[in-house]
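This is structure.cif (mmCIF, C-alpha atoms).
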```
data_entry
#
loop_
_atom_site.group_PDB
_atom_site.id
_atom_site.type_symbol
_atom_site.label_atom_id
_atom_site.label_comp_id
_atom_site.auth_asym_id
_atom_site.auth_seq_id
_atom_site.Cartn_x
_atom_site.Cartn_y
_atom_site.Cartn_z
ATOM 1 C CA MET A 1 10.543 121.474 53.405
ATOM 2 C CA THR A 2 8.104 122.723 56.059
ATOM 3 C CA THR A 3 8.205 121.761 59.726
ATOM 4 C CA GLU A 4 4.985 119.811 59.202
ATOM 5 C CA THR A 5 6.573 117.801 56.394
ATOM 6 C CA THR A 6 9.671 117.160 58.505
ATOM 7 C CA GLU A 7 7.567 115.776 61.339
ATOM 8 C CA SER A 8 5.072 113.758 59.306
ATOM 9 C CA LYS A 9 7.459 112.696 56.539
ATOM 10 C CA PRO A 10 10.887 112.451 58.202
ATOM 11 C CA LEU A 11 12.334 110.491 55.257
ATOM 12 C CA HIS A 12 11.210 112.940 52.576
ATOM 13 C CA GLY A 13 14.002 113.137 49.995
ATOM 14 C CA ARG A 14 15.644 109.875 51.084
ATOM 15 C CA ILE A 15 16.318 107.262 48.417
ATOM 16 C CA CYS A 16 15.847 103.680 49.548
ATOM 17 C CA LEU A 17 16.266 100.254 47.987
ATOM 18 C CA VAL A 18 14.394 97.314 49.468
ATOM 19 C CA ALA A 19 15.851 94.240 47.817
ATOM 20 C CA GLY A 20 13.286 91.478 48.096
ATOM 21 C CA ALA A 21 10.088 93.504 48.549
ATOM 22 C CA THR A 22 7.566 91.232 46.869
ATOM 23 C CA ARG A 23 5.870 90.172 50.097
ATOM 24 C CA GLY A 24 6.374 89.660 53.825
ATOM 25 C CA ALA A 25 8.894 91.744 55.728
ATOM 26 C CA GLY A 26 10.263 93.340 52.557
ATOM 27 C CA ARG A 27 6.865 94.640 51.533
ATOM 28 C CA GLY A 28 6.141 95.863 55.062
ATOM 29 C CA ILE A 29 9.470 97.694 55.203
ATOM 30 C CA ALA A 30 8.987 99.311 51.796
ATOM 31 C CA VAL A 31 5.495 100.543 52.670
ATOM 32 C CA GLN A 32 6.552 102.017 55.999
ATOM 33 C CA LEU A 33 9.521 103.787 54.405
ATOM 34 C CA GLY A 34 7.004 105.215 51.953
ATOM 35 C CA ALA A 35 4.723 106.268 54.799
ATOM 36 C CA ALA A 36 7.665 108.247 56.165
ATOM 37 C CA GLY A 37 7.990 110.028 52.798
ATOM 38 C CA ALA A 38 10.843 108.122 51.164
ATOM 39 C CA THR A 39 11.351 107.217 47.539
ATOM 40 C CA VAL A 40 11.586 103.432 47.528
ATOM 41 C CA TYR A 41 12.890 101.185 44.769
ATOM 42 C CA VAL A 42 11.359 97.752 45.315
ATOM 43 C CA THR A 43 12.749 94.630 43.713
ATOM 44 C CA GLY A 44 11.896 90.973 43.376
ATOM 45 C CA ARG A 45 11.295 88.246 40.831
ATOM 46 C CA THR A 46 7.506 88.034 40.866
ATOM 47 C CA THR A 47 5.780 90.564 38.631
ATOM 48 C CA ARG A 48 2.398 90.740 36.960
ATOM 49 C CA GLU A 49 3.972 88.973 33.981
ATOM 50 C CA GLN A 50 6.083 86.284 35.666
ATOM 51 C CA VAL A 51 6.207 84.259 38.861
ATOM 52 C CA SER A 52 9.322 83.196 40.759
ATOM 53 C CA GLU A 53 10.064 79.706 42.042
ATOM 54 C CA VAL A 54 8.202 80.602 45.241
ATOM 55 C CA GLY A 55 5.061 80.108 43.190
ATOM 56 C CA ARG A 56 2.913 82.880 44.644
ATOM 57 C CA ALA A 57 1.424 84.979 41.856
ATOM 58 C CA THR A 58 -0.807 86.895 44.255
ATOM 59 C CA GLU A 59 1.976 89.249 45.428
ATOM 60 C CA THR A 60 4.003 91.300 42.956
ATOM 61 C CA ILE A 61 6.569 94.059 43.126
ATOM 62 C CA GLU A 62 4.227 96.323 41.152
ATOM 63 C CA GLU A 63 1.642 95.956 43.888
ATOM 64 C CA THR A 64 4.264 96.723 46.527
ATOM 65 C CA ALA A 65 5.290 99.884 44.669
ATOM 66 C CA GLU A 66 1.651 100.981 44.494
ATOM 67 C CA LEU A 67 1.273 100.431 48.227
ATOM 68 C CA VAL A 68 4.390 102.541 48.864
ATOM 69 C CA THR A 69 2.950 105.398 46.822
ATOM 70 C CA ALA A 70 -0.465 105.086 48.469
ATOM 71 C CA ALA A 71 1.234 105.298 51.869
ATOM 72 C CA GLY A 72 2.704 108.672 50.984
ATOM 73 C CA GLY A 73 6.036 107.929 49.360
ATOM 74 C CA GLU A 74 7.110 107.110 45.827
ATOM 75 C CA GLY A 75 7.298 103.435 44.936
ATOM 76 C CA ILE A 76 9.289 102.249 41.932
ATOM 77 C CA ALA A 77 9.175 98.575 40.950
ATOM 78 C CA VAL A 78 12.254 97.129 39.237
ATOM 79 C CA PRO A 79 12.175 93.391 38.419
ATOM 80 C CA THR A 80 15.500 92.013 39.630
ATOM 81 C CA ASP A 81 16.998 88.606 40.291
ATOM 82 C CA HIS A 82 19.644 89.411 42.901
ATOM 83 C CA LEU A 83 21.650 86.326 41.975
ATOM 84 C CA GLU A 84 22.311 87.881 38.569
ATOM 85 C CA GLN A 85 25.096 90.432 38.864
ATOM 86 C CA ASP A 86 24.227 92.133 35.571
ATOM 87 C CA GLN A 87 20.665 92.731 36.732
ATOM 88 C CA VAL A 88 21.803 94.143 40.074
ATOM 89 C CA ARG A 89 24.327 96.386 38.328
ATOM 90 C CA ALA A 90 21.608 97.674 35.999
ATOM 91 C CA LEU A 91 19.406 98.376 39.029
ATOM 92 C CA ILE A 92 22.084 100.370 40.853
ATOM 93 C CA ASP A 93 23.042 102.229 37.677
ATOM 94 C CA ARG A 94 19.404 103.207 37.263
ATOM 95 C CA ILE A 95 19.157 104.524 40.837
ATOM 96 C CA ASP A 96 22.382 106.474 40.300
ATOM 97 C CA ARG A 97 21.155 107.871 36.996
ATOM 98 C CA GLU A 98 17.723 108.839 38.295
ATOM 99 C CA ARG A 99 18.576 109.960 41.847
ATOM 100 C CA GLY A 100 22.347 110.243 42.154
ATOM 101 C CA ARG A 101 22.359 108.754 45.638
ATOM 102 C CA LEU A 102 21.282 105.849 47.828
ATOM 103 C CA ASP A 103 20.522 106.477 51.497
ATOM 104 C CA VAL A 104 19.072 103.190 52.713
ATOM 105 C CA LEU A 105 19.762 99.650 51.509
ATOM 106 C CA VAL A 106 17.580 96.870 52.908
ATOM 107 C CA ASN A 107 18.782 93.367 52.080
ATOM 108 C CA ASP A 108 15.667 91.254 52.545
ATOM 109 C CA VAL A 109 16.075 88.796 49.671
ATOM 110 C CA TRP A 110 15.075 85.267 50.686
ATOM 111 C CA GLY A 111 12.332 83.159 49.082
ATOM 112 C CA GLY A 112 13.543 79.825 50.420
ATOM 113 C CA GLU A 113 10.586 78.746 52.553
ATOM 114 C CA HIS A 114 9.470 76.179 49.987
ATOM 115 C CA LEU A 115 12.845 74.452 50.334
ATOM 116 C CA LEU A 116 12.850 74.296 54.122
ATOM 117 C CA VAL A 117 12.389 70.866 55.729
ATOM 118 C CA PHE A 118 12.628 70.295 59.473
ATOM 119 C CA GLY A 119 13.118 66.991 61.248
ATOM 120 C CA LYS A 120 15.894 65.676 59.000
ATOM 121 C CA LYS A 121 19.646 65.523 59.487
ATOM 122 C CA THR A 122 21.893 67.386 57.082
ATOM 123 C CA TRP A 123 22.766 64.230 55.145
ATOM 124 C CA GLU A 124 19.098 63.321 54.877
ATOM 125 C CA ASN A 125 18.088 66.659 53.404
ATOM 126 C CA ASP A 126 18.124 67.388 49.696
ATOM 127 C CA LEU A 127 21.529 68.903 48.978
ATOM 128 C CA THR A 128 20.379 70.835 45.927
ATOM 129 C CA GLY A 129 17.595 72.464 47.891
ATOM 130 C CA GLY A 130 19.878 73.238 50.812
ATOM 131 C CA LEU A 131 22.492 74.904 48.627
ATOM 132 C CA ARG A 132 19.740 76.848 46.883
ATOM 133 C CA MET A 133 18.706 78.252 50.257
ATOM 134 C CA LEU A 134 22.243 79.520 50.745
ATOM 135 C CA GLU A 135 22.200 81.100 47.301
ATOM 136 C CA LEU A 136 18.892 82.821 47.977
ATOM 137 C CA GLY A 137 19.663 83.954 51.513
ATOM 138 C CA VAL A 138 23.399 84.668 51.418
ATOM 139 C CA ARG A 139 24.762 85.081 47.916
ATOM 140 C CA THR A 140 21.984 87.519 46.965
ATOM 141 C CA HIS A 141 22.883 89.753 49.911
ATOM 142 C CA LEU A 142 26.561 89.701 48.986
ATOM 143 C CA VAL A 143 25.946 90.502 45.322
ATOM 144 C CA THR A 144 23.644 93.367 46.252
ATOM 145 C CA SER A 145 25.937 94.846 48.900
ATOM 146 C CA HIS A 146 29.012 94.589 46.681
ATOM 147 C CA THR A 147 27.219 96.442 43.907
ATOM 148 C CA ALA A 148 25.197 98.999 45.864
ATOM 149 C CA LEU A 149 27.571 100.130 48.585
ATOM 150 C CA PRO A 150 29.782 102.351 46.392
ATOM 151 C CA LEU A 151 26.678 104.444 45.708
ATOM 152 C CA LEU A 152 25.527 104.385 49.326
ATOM 153 C CA ILE A 153 28.850 105.650 50.722
ATOM 154 C CA ARG A 154 28.952 108.521 48.249
ATOM 155 C CA ASN A 155 27.174 110.553 50.931
ATOM 156 C CA PRO A 156 27.688 110.140 54.702
ATOM 157 C CA GLY A 157 24.860 108.830 56.834
ATOM 158 C CA GLY A 158 23.857 105.772 54.799
ATOM 159 C CA LEU A 159 22.071 102.841 56.423
ATOM 160 C CA VAL A 160 22.296 99.131 55.554
ATOM 161 C CA VAL A 161 19.771 96.730 57.068
ATOM 162 C CA GLU A 162 20.378 92.993 56.849
ATOM 163 C CA VAL A 163 17.026 91.300 57.467
ATOM 164 C CA THR A 164 17.255 87.837 58.990
ATOM 165 C CA ASP A 165 15.579 85.416 61.394
ATOM 166 C CA GLY A 166 16.855 85.564 64.955
ATOM 167 C CA THR A 167 19.236 87.757 66.887
ATOM 168 C CA THR A 168 22.909 87.106 67.510
ATOM 169 C CA GLU A 169 22.060 86.386 71.141
ATOM 170 C CA TYR A 170 19.343 83.885 70.277
ATOM 171 C CA ASN A 171 20.954 82.141 67.311
ATOM 172 C CA GLY A 172 24.352 82.026 68.963
ATOM 173 C CA THR A 173 23.301 79.312 71.385
ATOM 174 C CA ARG A 174 20.462 77.611 69.525
ATOM 175 C CA PHE A 175 20.362 75.413 66.422
ATOM 176 C CA ARG A 176 17.684 76.508 63.959
ATOM 177 C CA GLU A 177 16.768 72.855 63.235
ATOM 178 C CA ASN A 178 17.999 72.747 59.633
ATOM 179 C CA LEU A 179 21.707 73.345 59.005
ATOM 180 C CA PHE A 180 21.222 75.052 55.651
ATOM 181 C CA TYR A 181 18.605 77.375 57.131
ATOM 182 C CA ASP A 182 20.775 77.954 60.193
ATOM 183 C CA LEU A 183 23.649 79.064 57.982
ATOM 184 C CA ALA A 184 21.421 81.185 55.746
ATOM 185 C CA LYS A 185 20.007 83.115 58.694
ATOM 186 C CA ASN A 186 23.210 83.457 60.681
ATOM 187 C CA ALA A 187 25.198 84.809 57.727
ATOM 188 C CA PRO A 188 23.335 88.172 57.642
ATOM 189 C CA LEU A 189 24.201 88.674 61.309
ATOM 190 C CA ARG A 190 27.899 88.431 60.479
ATOM 191 C CA MET A 191 27.400 90.529 57.352
ATOM 192 C CA ALA A 192 25.994 93.355 59.445
ATOM 193 C CA PHE A 193 28.868 93.055 61.886
ATOM 194 C CA GLY A 194 31.511 93.033 59.142
ATOM 195 C CA LEU A 195 29.890 95.759 57.060
ATOM 196 C CA GLY A 196 29.631 97.880 60.184
ATOM 197 C CA ARG A 197 33.407 97.766 60.487
ATOM 198 C CA GLU A 198 33.953 98.508 56.797
ATOM 199 C CA LEU A 199 31.429 101.349 56.633
ATOM 200 C CA GLU A 200 32.630 103.069 59.798
ATOM 201 C CA GLU A 201 35.100 105.361 58.055
ATOM 202 C CA HIS A 202 32.447 106.395 55.538
ATOM 203 C CA GLY A 203 29.978 107.555 58.167
ATOM 204 C CA ALA A 204 27.509 104.791 57.334
ATOM 205 C CA THR A 205 25.747 102.276 59.577
ATOM 206 C CA ALA A 206 24.991 98.568 59.137
ATOM 207 C CA VAL A 207 22.650 96.539 61.336
ATOM 208 C CA ALA A 208 20.970 93.148 61.312
ATOM 209 C CA LEU A 209 17.251 93.168 62.011
ATOM 210 C CA THR A 210 14.845 90.344 62.732
ATOM 211 C CA PRO A 211 11.077 90.422 62.972
ATOM 212 C CA GLY A 212 9.412 88.134 65.472
ATOM 213 C CA TRP A 213 6.772 85.619 64.493
ATOM 214 C CA LEU A 214 5.784 87.314 61.258
ATOM 215 C CA ARG A 215 2.254 87.269 59.888
ATOM 216 C CA SER A 216 3.500 87.152 56.325
ATOM 217 C CA GLU A 217 1.214 86.195 53.466
ATOM 218 C CA GLN A 218 2.747 82.722 53.407
ATOM 219 C CA MET A 219 2.429 82.230 57.156
ATOM 220 C CA LEU A 220 -1.201 83.320 57.178
ATOM 221 C CA ALA A 221 -1.942 80.969 54.274
ATOM 222 C CA ALA A 222 -0.237 78.086 56.086
ATOM 223 C CA PHE A 223 -2.527 78.626 59.084
ATOM 224 C CA GLY A 224 -5.595 79.107 56.906
ATOM 225 C CA VAL A 225 -6.308 82.626 58.170
ATOM 226 C CA THR A 226 -6.052 86.211 56.936
ATOM 227 C CA GLU A 227 -4.726 89.394 58.482
ATOM 228 C CA GLU A 228 -8.294 90.219 59.501
ATOM 229 C CA ASN A 229 -8.955 86.979 61.418
ATOM 230 C CA TRP A 230 -5.420 85.820 62.257
ATOM 231 C CA ARG A 231 -6.286 85.330 65.919
ATOM 232 C CA ASP A 232 -8.364 82.311 64.913
ATOM 233 C CA ALA A 233 -5.074 80.419 64.548
ATOM 234 C CA VAL A 234 -4.134 80.994 68.189
ATOM 235 C CA GLU A 235 -6.405 78.169 69.347
ATOM 236 C CA LYS A 236 -4.271 75.662 67.470
ATOM 237 C CA VAL A 237 -0.924 77.441 67.983
ATOM 238 C CA PRO A 238 -1.043 79.477 71.218
ATOM 239 C CA GLY A 239 2.330 81.108 70.597
ATOM 240 C CA PHE A 240 0.935 82.756 67.488
ATOM 241 C CA ALA A 241 -0.709 85.241 69.839
ATOM 242 C CA VAL A 242 2.565 87.208 69.837
ATOM 243 C CA ALA A 243 2.757 87.271 66.038
ATOM 244 C CA GLU A 244 3.379 90.640 64.395
ATOM 245 C CA SER A 245 2.345 92.179 61.095
ATOM 246 C CA PRO A 246 4.944 93.151 58.460
ATOM 247 C CA ALA A 247 4.205 96.784 59.324
ATOM 248 C CA TYR A 248 5.981 96.303 62.661
ATOM 249 C CA VAL A 249 9.398 95.482 61.239
ATOM 250 C CA GLY A 250 8.728 98.158 58.603
ATOM 251 C CA ARG A 251 8.273 100.759 61.298
ATOM 252 C CA ALA A 252 11.491 99.540 62.910
ATOM 253 C CA VAL A 253 13.443 100.284 59.724
ATOM 254 C CA ALA A 254 11.727 103.652 59.253
ATOM 255 C CA ALA A 255 12.572 104.597 62.838
ATOM 256 C CA LEU A 256 16.215 103.640 62.334
ATOM 257 C CA ALA A 257 16.433 105.586 59.089
ATOM 258 C CA ALA A 258 14.936 108.691 60.695
ATOM 259 C CA ASP A 259 17.158 108.564 63.792
ATOM 260 C CA PRO A 260 20.085 111.006 63.465
ATOM 261 C CA ASP A 261 21.885 109.005 66.160
ATOM 262 C CA ARG A 262 21.392 105.601 64.488
ATOM 263 C CA HIS A 263 25.132 104.972 64.271
ATOM 264 C CA ARG A 264 25.033 103.874 67.905
ATOM 265 C CA TRP A 265 23.557 100.627 66.595
ATOM 266 C CA ASN A 266 26.364 100.031 64.077
ATOM 267 C CA GLY A 267 27.227 96.366 63.593
ATOM 268 C CA ARG A 268 24.599 95.216 66.046
ATOM 269 C CA SER A 269 21.795 92.678 65.894
ATOM 270 C CA LEU A 270 18.348 94.162 66.551
ATOM 271 C CA SER A 271 14.723 93.027 66.681
ATOM 272 C CA SER A 272 11.495 94.777 65.798
ATOM 273 C CA GLY A 273 10.202 94.276 69.344
ATOM 274 C CA GLY A 274 13.361 95.674 70.888
ATOM 275 C CA LEU A 275 13.346 98.748 68.654
ATOM 276 C CA ALA A 276 9.651 99.329 69.423
ATOM 277 C CA GLN A 277 10.605 99.734 73.060
ATOM 278 C CA GLU A 278 13.417 102.103 72.070
ATOM 279 C CA TYR A 279 11.537 104.293 69.595
ATOM 280 C CA GLY A 280 7.972 103.990 70.837
ATOM 281 C CA PHE A 281 6.252 102.776 67.643
ATOM 282 C CA THR A 282 3.580 100.097 67.694
ATOM 283 C CA ASP A 283 2.278 97.383 65.431
ATOM 284 C CA ALA A 284 -0.723 98.066 63.208
ATOM 285 C CA ASP A 285 -3.096 97.134 66.036
ATOM 286 C CA GLY A 286 -1.445 99.443 68.570
ATOM 287 C CA SER A 287 0.356 96.662 70.459
ATOM 288 C CA ARG A 288 4.094 96.095 70.951
ATOM 289 C CA PRO A 289 4.694 92.348 70.557
ATOM 290 C CA ASP A 290 7.990 90.940 71.810
ATOM 291 C CA ALA A 291 8.092 87.525 70.172
ATOM 292 C CA TRP A 292 11.719 86.766 70.988
ATOM 293 C CA GLY A 293 11.213 87.596 74.649
ATOM 294 C CA PHE A 294 8.191 85.301 74.696
ATOM 295 C CA ILE A 295 10.047 82.481 72.944
ATOM 296 C CA VAL A 296 12.981 82.613 75.371
ATOM 297 C CA ALA A 297 10.677 82.784 78.399
ATOM 298 C CA GLY A 298 8.793 79.770 77.066
ATOM 299 C CA GLU A 299 11.923 77.644 77.197
ATOM 300 C CA THR A 300 11.867 77.612 81.002
ATOM 301 C CA GLY A 301 8.251 78.338 81.870
ATOM 302 C CA GLU A 302 4.780 79.186 80.655
ATOM 303 C CA PRO A 303 4.782 82.927 80.047
ATOM 304 C CA ASP A 304 1.597 84.974 79.853
ATOM 305 C CA VAL A 305 1.119 86.169 76.287
ATOM 306 C CA ASN A 306 -0.276 89.448 77.587
ATOM 307 C CA ASP A 307 3.124 90.270 79.099
ATOM 308 C CA TYR A 308 4.703 90.139 75.623
ATOM 309 C CA ARG A 309 2.151 91.973 73.493
#
```

Rewritten as structure tokens:
Amino acid sequence: MTTETTESKPLHGRICLVAGATRGAGRGIAVQLGAAGATVYVTGRTTREQVSEVGRATETIEETAELVTAAGGEGIAVPTDHLEQDQVRALIDRIDRERGRLDVLVNDVWGGEHLLVFGKKTWENDLTGGLRMLELGVRTHLVTSHTALPLLIRNPGGLVVEVTDGTTEYNGTRFRENLFYDLAKNAPLRMAFGLGRELEEHGATAVALTPGWLRSEQMLAAFGVTEENWRDAVEKVPGFAVAESPAYVGRAVAALAADPDRHRWNGRSLSSGGLAQEYGFTDADGSRPDAWGFIVAGETGEPDVNDYR
């Protein structure tokens, strides 16, 4: 590998799995790993032949894989329901058979937005929907980690990223308005902490990572805007001015994976905005939004958006 390749493609030769890469943060992470030269297996339930319960046929794992390849990596789409242990085992066996290693595991499986209801007490919420959120946001991560980690620890230096909503500092003192959602998004924080302890002796690193206010496909659709004109939504929701594209959290993961000293973060809770300050990357528009800083500042005052973008 030439010096030029090392600098422009620091993850060349790395094998990554982004579990839950159909859309949103997962897609952004997969594409940015590809831009750094990695081979990325992307999984999800929505393909060009079938649609998951989320009900969005417009984003597929095949499209994500194509975007990874177009960015400069190698994208490989593998339809997988991460609640089904046999399917996850088949996925990991395939990666082992084809590559013989796994360097980066990103647990981004979610897909529970359509079940989320705010403004109701726990006993007023639909129990079936609430428990389904826990299956989608917690059980999937456990099944995937249990199955994939023996391959990841085969070589030292592996990285596990638990994608969630909120940092340990933020979530630790604030209720996320829906108990099922609160549990689903706090569990990955503890997973990263616990896995960090377990992976220590194997020379691997586990972290939890949260984007800020994410301009995912679903969020943009909810506000009736696109990535090209997303600022039109700021008039109705001023805080949306600190929103970030999925590329931002993707660049955070790519920066972590390329950092030879990443183990200093082991077991910790991180944010895309915080890592941007550490590593110097920017969002797609050249800015460095700090949504969590803005949100906290807004609890006691009226912060200037320009100070957090």

Listing only residues of region 72-171 of chain A within 10 Å of region 8-11 of chain A, what is the closest atom pair and its distance in Å (to one decimal) for each, using only C-alpha atoms, sorted by chain and residue number ascending, as CSV?
```
residue,atom,partner,partner_atom,distance
A:Gly72,CA,A:Lys9,CA,8.3
A:Gly73,CA,A:Lys9,CA,8.7
A:Asp103,CA,A:Leu11,CA,9.9
```

Hey, which of A:Val225, A:Ala258, A:Ala21, A:Ile15 ends up closest to Glu98 (chain A)? Count all atoms listed in the file. A:Ile15

Shell of 12 Å around Arg264 (chain A), all atoms listed in the file, local chain residues under 6 positions omitted, as a ChimeraX atom specification: /A:159,196,200,203-207,256,270

Please write the residues picked by the PyMOL selection byres ((chain A and resi 39) around 7) on this file as a ChimeraX atom specification. /A:13-16,34,37-38,40-41,73-75

Glu299 (chain A) proximity check over A:Leu105, A:Asn125, A:Leu131, A:Arg174, using all atoms listed in the file: winner is A:Arg174

Can you list, as number ranges by chain, every protein, DNA or RNA residue that comes within 6 Å of region 282-298 of chain A when you count only C-alpha atoms, leaving out same-chain residues fewer than 2 positions away? A: 212, 242, 248, 273, 300-303, 308-309

Compare A:Leu83, A:Leu179, A:Leu67, A:Val109 by their minimum atom-to-atom distance to Asp126 (chain A), counting all atoms listed in the file, and give me the closest one.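 Ranking A:Leu83, A:Leu179, A:Leu67, A:Val109 by distance to Asp126 (chain A), first place goes to A:Leu179.
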
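CA of Arg215 (chain A) lies 20.8 Å from CA of Asn171 (chain A).
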
Expressed in Å to a single decimal, how great is the separation between CA of Ala187 (chain A) and CA of Val163 (chain A)? 10.4 Å

At what distance in Å, to one decimal, does CA of Ser145 (chain A) lie from CA of Leu199 (chain A)?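 Interatomic distance, CA of Leu199 (chain A) to CA of Ser145 (chain A): 11.5 Å.
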
Written as a VMD selection string, which residues does the PyMOL selection byres ((chain A and resi 50-66) around 7) give for the file shown? chain A and resid 21 to 23 27 42 to 49 67 to 70 75 to 77 111 114

Work out where the centre of an axis-aligned box around every listed atom of region 69-73 of chain A lies and how long its edges are once 4 Å is added on each side; give both in Å to one decimal as JSON.
```
{"center_x": 2.8, "center_y": 106.9, "center_z": 49.3, "size_x": 14.5, "size_y": 11.6, "size_z": 13.0}
```
